[in-house]
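The structure appears below as structure tokens.
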Amino acid sequence: MAGMLYLVPTPIGNLGDISIRCRQTLEEADFIAAEDTRVTLKLLNHLGIKKSLVSYYEHNKAQKGNQIVERILAGETCALVSDAGSPAISDPGEDLVKQCAEQGITVCAIPGPCAVITALSISGQATGRFCFEGFLSTAKKSRKEHLESLKTEKRTMIFYEAPHKLPATLESMAEAFGGDRPISLCRELTKLHEEVIRTTLNGAIELYQQQAPKGEFVLVVAGAPEQEEETATAQDAKSRVEELMAQGLSRKDAVKQTAQELNLPKNAVYDAALQA
Ligand code: SAM
């Protein structure tokens with residue numbers, strides 16, 4: 001019988017956040033696939049668990065993925081962990097899940113710590129609708145294109161970012177979204193120096209001109225404000241009909257064109273045009 005793949009979330013800072021079920025799964029798995037075996041070894045030592053570890057990370061995932069899948073198909077159970085947080089969210093776990101799914105292997109995701117959800121919930125921004133945008137590209141052009149594509153996004157947007165890239169990212173965001181856009185910078189979540197800075201893009205730019213950003217960050221940016229639809233008034237309709245008639249259109253054609261241009265019902269434009 002084929003084994004299984006378990007996705008085991010690990011703490012994003014506070015070791016107390018490991019759940020009973022995650023601990024049991026790590027204990028019971030035949031082997032653990034880890035993004036960084038040194039980081040995972042520290043966690044296993046803390047938990048008093050001894051287990052065989054294989055490394056699975058960005059630059060060996062193609063070859064290691066096949067080996068892991070073969071072992072699972074042969075009946076072993078694998079627990080996948082990333083450096084911190086939920087595997088498969090902005091880390092190579094995504095590919096292993098895909099490979100397993102393609103092979104008909106059962107994948108079980110255990111809920112637990114995840115930086116994006118932790119940040120969203122503490123951000124103070126609207127949480128009803130949101131989109132997760134992961135890491136922006138380091139290349140200026142694609143970063144700009146990515147942000148431009150989000151210009152009219154109304155949902156709250158969440159980004160992962162490394163501290164040394166943060167000032168440039170904030171500048172690019174202010175260019176795309178305007179400096180007044182609210183942002184919550186969620187840093188060092190669940191750690192000793194956890195902090196949430198609720199400000200605007202310009203406010204954040206100013207702050208990090210005075211001090212270099214330190215630690216891990218999730219950026220939660222408010223969505224674009226609802227545009228108030230401009231409703232044309234009866235006077236607008238009347239003026240436009242008169243203008244078109246002066247250009248030689250019949251009343252009927254002038255009313256029809258005005259209704260289309262101003263997105264108003266034809267009879268409303270007609271009534272407006274007849275007003276003294
Ligand atoms: N899969 C993980 C998850 O979703 O929780 C995230 C992996 S991703 C490679 C790492 C990024 O998550 C960091 O660059 C940072 O943006 C964010 N992150 C992780 N831990 C964090 C923490 N304690 N506080 C703030 N951001 C954190």
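Here, A, B, ... name the chains of the structure tokens in the order displayed, residue numbers run from 1 inside each chain, and ligands are numbered from 1 in the same displayed order.
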
Give me, as a PyMOL selection string, all polymer residues having an atom no more than 7 Å from Glu133 (chain A), counting only C-alpha atoms and skipping those fewer than 2 positions away in the same chain. chain A and resi 131+135+157-159

Considering only C-alpha atoms and all ligand atoms, tabulate each residue of chain A that lies at most 7 Å from ligand 1 along with its nearest interatomic pair and the corresponding distance in Å to one decimal; arrange the rows by chain and ascending residue number and present them as CSV.
residue,atom,partner,partner_atom_place_in_ligand_line,distance
A:Ile12,CA,ligand 1,23 (N),4.5
A:Gly13,CA,ligand 1,23 (N),5.0
A:Ser82,CA,ligand 1,1 (N),6.5
A:Ala84,CA,ligand 1,2 (C),5.6
A:Gly85,CA,ligand 1,5 (O),3.3
A:Ser86,CA,ligand 1,1 (N),4.4
A:Pro87,CA,ligand 1,1 (N),4.9
A:Ala88,CA,ligand 1,1 (N),6.0
A:Ile89,CA,ligand 1,1 (N),4.3
A:Ser90,CA,ligand 1,8 (S),5.2
A:Asp91,CA,ligand 1,9 (C),5.2
A:Pro113,CA,ligand 1,5 (O),6.2
A:Cys114,CA,ligand 1,5 (O),3.4
A:Ala115,CA,ligand 1,5 (O),3.8
A:Val116,CA,ligand 1,4 (O),5.7
A:Tyr160,CA,ligand 1,16 (O),3.6
A:Glu161,CA,ligand 1,16 (O),4.5
A:Ala162,CA,ligand 1,14 (O),5.1
A:Cys186,CA,ligand 1,25 (C),5.9
A:Arg187,CA,ligand 1,25 (C),4.5
A:Glu188,CA,ligand 1,24 (N),3.8
A:Leu189,CA,ligand 1,24 (N),3.7
A:Thr190,CA,ligand 1,23 (N),5.8
A:Lys191,CA,ligand 1,23 (N),6.3
A:Glu216,CA,ligand 1,26 (N),4.4
A:Phe217,CA,ligand 1,26 (N),4.1
A:Val218,CA,ligand 1,26 (N),4.7

Region 4-205 of chain A: which residues are strand (DSSP E or B) by DSSP, as a PyMOL selection string? chain A and resi 4-7+10+31-34+53-55+78-81+85+106-109+130-135+156-161+182-187+195-200

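The two atoms in question, CA of Leu80 (chain A) and CA of Leu185 (chain A), are spaced 28.9 Å apart.
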
Excluding Arg143 (chain A) and its own-chain neighbours fewer than 5 positions away, which residues fall within 12 Å of it when counting only C-alpha atoms? Please give them as a JSON list (two decimals) with all heavy atoms, in the first residue's frame.
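Listing of out.json after writing:
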[["chain", "number", "residue", "atom", "x", "y", "z"],
["A", 133, "GLU", "N", -0.01, 37.76, -2.61],
["A", 133, "GLU", "CA", 0.81, 37.99, -3.79],
["A", 133, "GLU", "C", 2.22, 37.44, -3.64],
["A", 133, "GLU", "O", 3.05, 37.60, -4.53],
["A", 133, "GLU", "CB", 0.86, 39.50, -4.10],
["A", 133, "GLU", "CG", -0.50, 40.08, -4.46],
["A", 133, "GLU", "CD", -1.06, 39.50, -5.75],
["A", 133, "GLU", "OE1", -0.28, 39.30, -6.69],
["A", 133, "GLU", "OE2", -2.28, 39.23, -5.80],
["A", 134, "GLY", "N", 2.52, 36.78, -2.53],
["A", 134, "GLY", "CA", 3.82, 36.15, -2.34],
["A", 134, "GLY", "C", 4.96, 37.16, -2.37],
["A", 134, "GLY", "O", 4.80, 38.31, -1.93],
["A", 135, "PHE", "N", 6.12, 36.74, -2.88],
["A", 135, "PHE", "CA", 7.27, 37.64, -3.00],
["A", 135, "PHE", "C", 7.21, 38.36, -4.34],
["A", 135, "PHE", "O", 6.89, 37.74, -5.36],
["A", 135, "PHE", "CB", 8.58, 36.83, -2.97],
["A", 135, "PHE", "CG", 8.94, 36.30, -1.62],
["A", 135, "PHE", "CD1", 8.68, 34.98, -1.30],
["A", 135, "PHE", "CD2", 9.55, 37.10, -0.68],
["A", 135, "PHE", "CE1", 9.03, 34.47, -0.05],
["A", 135, "PHE", "CE2", 9.90, 36.60, 0.58],
["A", 135, "PHE", "CZ", 9.64, 35.29, 0.88],
["A", 136, "LEU", "N", 7.54, 39.65, -4.34],
["A", 136, "LEU", "CA", 7.65, 40.36, -5.62],
["A", 136, "LEU", "C", 8.99, 39.99, -6.23],
["A", 136, "LEU", "O", 9.94, 39.64, -5.51],
["A", 136, "LEU", "CB", 7.62, 41.87, -5.38],
["A", 136, "LEU", "CG", 6.26, 42.45, -4.97],
["A", 136, "LEU", "CD1", 6.44, 43.87, -4.45],
["A", 136, "LEU", "CD2", 5.29, 42.43, -6.14],
["A", 137, "SER", "N", 9.08, 40.08, -7.54],
["A", 137, "SER", "CA", 10.34, 39.76, -8.21],
["A", 137, "SER", "C", 11.41, 40.77, -7.78],
["A", 137, "SER", "O", 11.11, 41.92, -7.44],
["A", 137, "SER", "CB", 10.11, 39.85, -9.71],
["A", 137, "SER", "OG", 11.33, 39.91, -10.37],
["A", 138, "THR", "N", 12.67, 40.34, -7.83],
["A", 138, "THR", "CA", 13.76, 41.27, -7.50],
["A", 138, "THR", "C", 14.07, 42.15, -8.71],
["A", 138, "THR", "O", 14.63, 43.24, -8.57],
["A", 138, "THR", "CB", 15.04, 40.51, -7.11],
["A", 138, "THR", "OG1", 15.19, 39.43, -8.01],
["A", 138, "THR", "CG2", 15.00, 40.03, -5.68],
["A", 148, "GLU", "N", 1.75, 47.16, -11.05],
["A", 148, "GLU", "CA", 0.82, 47.86, -11.96],
["A", 148, "GLU", "C", -0.45, 47.03, -12.15],
["A", 148, "GLU", "O", -1.55, 47.55, -12.22],
["A", 148, "GLU", "CB", 1.47, 48.11, -13.33],
["A", 148, "GLU", "CG", 2.52, 49.22, -13.32],
["A", 148, "GLU", "CD", 1.93, 50.60, -13.06],
["A", 148, "GLU", "OE1", 0.85, 50.90, -13.58],
["A", 148, "GLU", "OE2", 2.55, 51.36, -12.29],
["A", 149, "SER", "N", -0.28, 45.70, -12.22],
["A", 149, "SER", "CA", -1.44, 44.82, -12.46],
["A", 149, "SER", "C", -2.38, 44.84, -11.25],
["A", 149, "SER", "O", -3.52, 44.37, -11.33],
["A", 149, "SER", "CB", -0.98, 43.39, -12.77],
["A", 149, "SER", "OG", -0.57, 42.75, -11.57],
["A", 150, "LEU", "N", -1.88, 45.36, -10.11],
["A", 150, "LEU", "CA", -2.71, 45.39, -8.89],
["A", 150, "LEU", "C", -3.30, 46.78, -8.60],
["A", 150, "LEU", "O", -3.93, 46.98, -7.57],
["A", 150, "LEU", "CB", -1.87, 44.94, -7.69],
["A", 150, "LEU", "CG", -1.42, 43.48, -7.70],
["A", 150, "LEU", "CD1", -0.39, 43.24, -6.60],
["A", 150, "LEU", "CD2", -2.60, 42.56, -7.52],
["A", 159, "PHE", "N", 1.86, 40.65, 0.91],
["A", 159, "PHE", "CA", 3.14, 40.35, 0.28],
["A", 159, "PHE", "C", 4.15, 39.86, 1.32],
["A", 159, "PHE", "O", 4.14, 40.34, 2.45],
["A", 159, "PHE", "CB", 3.76, 41.62, -0.33],
["A", 159, "PHE", "CG", 2.88, 42.30, -1.35],
["A", 159, "PHE", "CD1", 1.89, 43.20, -0.96],
["A", 159, "PHE", "CD2", 3.06, 42.07, -2.71],
["A", 159, "PHE", "CE1", 1.08, 43.84, -1.90],
["A", 159, "PHE", "CE2", 2.27, 42.71, -3.66],
["A", 159, "PHE", "CZ", 1.28, 43.59, -3.25],
["A", 165, "LYS", "N", 15.18, 44.41, 0.93],
["A", 165, "LYS", "CA", 14.50, 44.87, -0.29],
["A", 165, "LYS", "C", 13.31, 45.79, 0.04],
["A", 165, "LYS", "O", 12.68, 46.34, -0.85],
["A", 165, "LYS", "CB", 13.98, 43.66, -1.07],
["A", 165, "LYS", "CG", 15.07, 42.76, -1.56],
["A", 165, "LYS", "CD", 14.49, 41.77, -2.56],
["A", 165, "LYS", "CE", 15.31, 40.51, -2.61],
["A", 165, "LYS", "NZ", 14.48, 39.32, -2.47],
["A", 168, "ALA", "N", 13.03, 49.66, -1.33],
["A", 168, "ALA", "CA", 12.76, 49.75, -2.78],
["A", 168, "ALA", "C", 11.33, 49.31, -3.08],
["A", 168, "ALA", "O", 10.65, 49.90, -3.92],
["A", 168, "ALA", "CB", 13.76, 48.89, -3.55],
["A", 169, "THR", "N", 10.88, 48.27, -2.37],
["A", 169, "THR", "CA", 9.51, 47.78, -2.59],
["A", 169, "THR", "C", 8.48, 48.83, -2.21],
["A", 169, "THR", "O", 7.50, 49.04, -2.91],
["A", 169, "THR", "CB", 9.30, 46.49, -1.78],
["A", 169, "THR", "OG1", 10.19, 45.52, -2.31],
["A", 169, "THR", "CG2", 7.89, 45.97, -1.87],
["A", 170, "LEU", "N", 8.71, 49.50, -1.09],
["A", 170, "LEU", "CA", 7.77, 50.54, -0.64],
["A", 170, "LEU", "C", 7.70, 51.67, -1.66],
["A", 170, "LEU", "O", 6.62, 52.18, -1.97],
["A", 170, "LEU", "CB", 8.16, 51.08, 0.74],
["A", 170, "LEU", "CG", 8.02, 50.08, 1.90],
["A", 170, "LEU", "CD1", 8.67, 50.66, 3.17],
["A", 170, "LEU", "CD2", 6.56, 49.74, 2.17],
["A", 171, "GLU", "N", 8.86, 52.04, -2.22],
["A", 171, "GLU", "CA", 8.89, 53.10, -3.25],
["A", 171, "GLU", "C", 8.07, 52.65, -4.46],
["A", 171, "GLU", "O", 7.25, 53.42, -4.98],
["A", 171, "GLU", "CB", 10.34, 53.37, -3.72],
["A", 171, "GLU", "CG", 11.26, 53.96, -2.66],
["A", 171, "GLU", "CD", 11.11, 55.47, -2.53],
["A", 171, "GLU", "OE1", 10.32, 56.06, -3.29],
["A", 171, "GLU", "OE2", 11.76, 56.05, -1.63],
["A", 172, "SER", "N", 8.29, 51.42, -4.90],
["A", 172, "SER", "CA", 7.55, 50.92, -6.08],
["A", 172, "SER", "C", 6.05, 50.86, -5.79],
["A", 172, "SER", "O", 5.24, 51.15, -6.66],
["A", 172, "SER", "CB", 8.03, 49.53, -6.49],
["A", 172, "SER", "OG", 9.40, 49.51, -6.68],
["A", 173, "MET", "N", 5.70, 50.47, -4.56],
["A", 173, "MET", "CA", 4.28, 50.39, -4.21],
["A", 173, "MET", "C", 3.66, 51.78, -4.22],
["A", 173, "MET", "O", 2.53, 51.97, -4.70],
["A", 173, "MET", "CB", 4.10, 49.75, -2.83],
["A", 173, "MET", "CG", 4.27, 48.25, -2.84],
["A", 173, "MET", "SD", 4.03, 47.58, -1.19],
["A", 173, "MET", "CE", 4.00, 45.82, -1.57],
["A", 175, "GLU", "N", 4.57, 54.30, -5.94],
["A", 175, "GLU", "CA", 4.43, 54.73, -7.34],
["A", 175, "GLU", "C", 3.16, 54.14, -7.96],
["A", 175, "GLU", "O", 2.42, 54.81, -8.67],
["A", 175, "GLU", "CB", 5.62, 54.21, -8.15],
["A", 175, "GLU", "CG", 6.62, 55.27, -8.51],
["A", 175, "GLU", "CD", 7.84, 54.65, -9.16],
["A", 175, "GLU", "OE1", 7.69, 53.90, -10.14],
["A", 175, "GLU", "OE2", 8.94, 54.89, -8.62],
["A", 176, "ALA", "N", 2.92, 52.86, -7.67],
["A", 176, "ALA", "CA", 1.78, 52.17, -8.28],
["A", 176, "ALA", "C", 0.45, 52.52, -7.61],
["A", 176, "ALA", "O", -0.56, 52.71, -8.29],
["A", 176, "ALA", "CB", 2.01, 50.66, -8.27]]

Extract, using only C-alpha atoms, all DNA, RNA and protein residues at most 6 Å from Glu76 (chain A), discarding same-chain residues fewer than 3 positions from it, and format them as a list in words.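 Near Glu76 (chain A), the qualifying residues are Gly3, Asp30, Arg71 and Ile72 of chain A.
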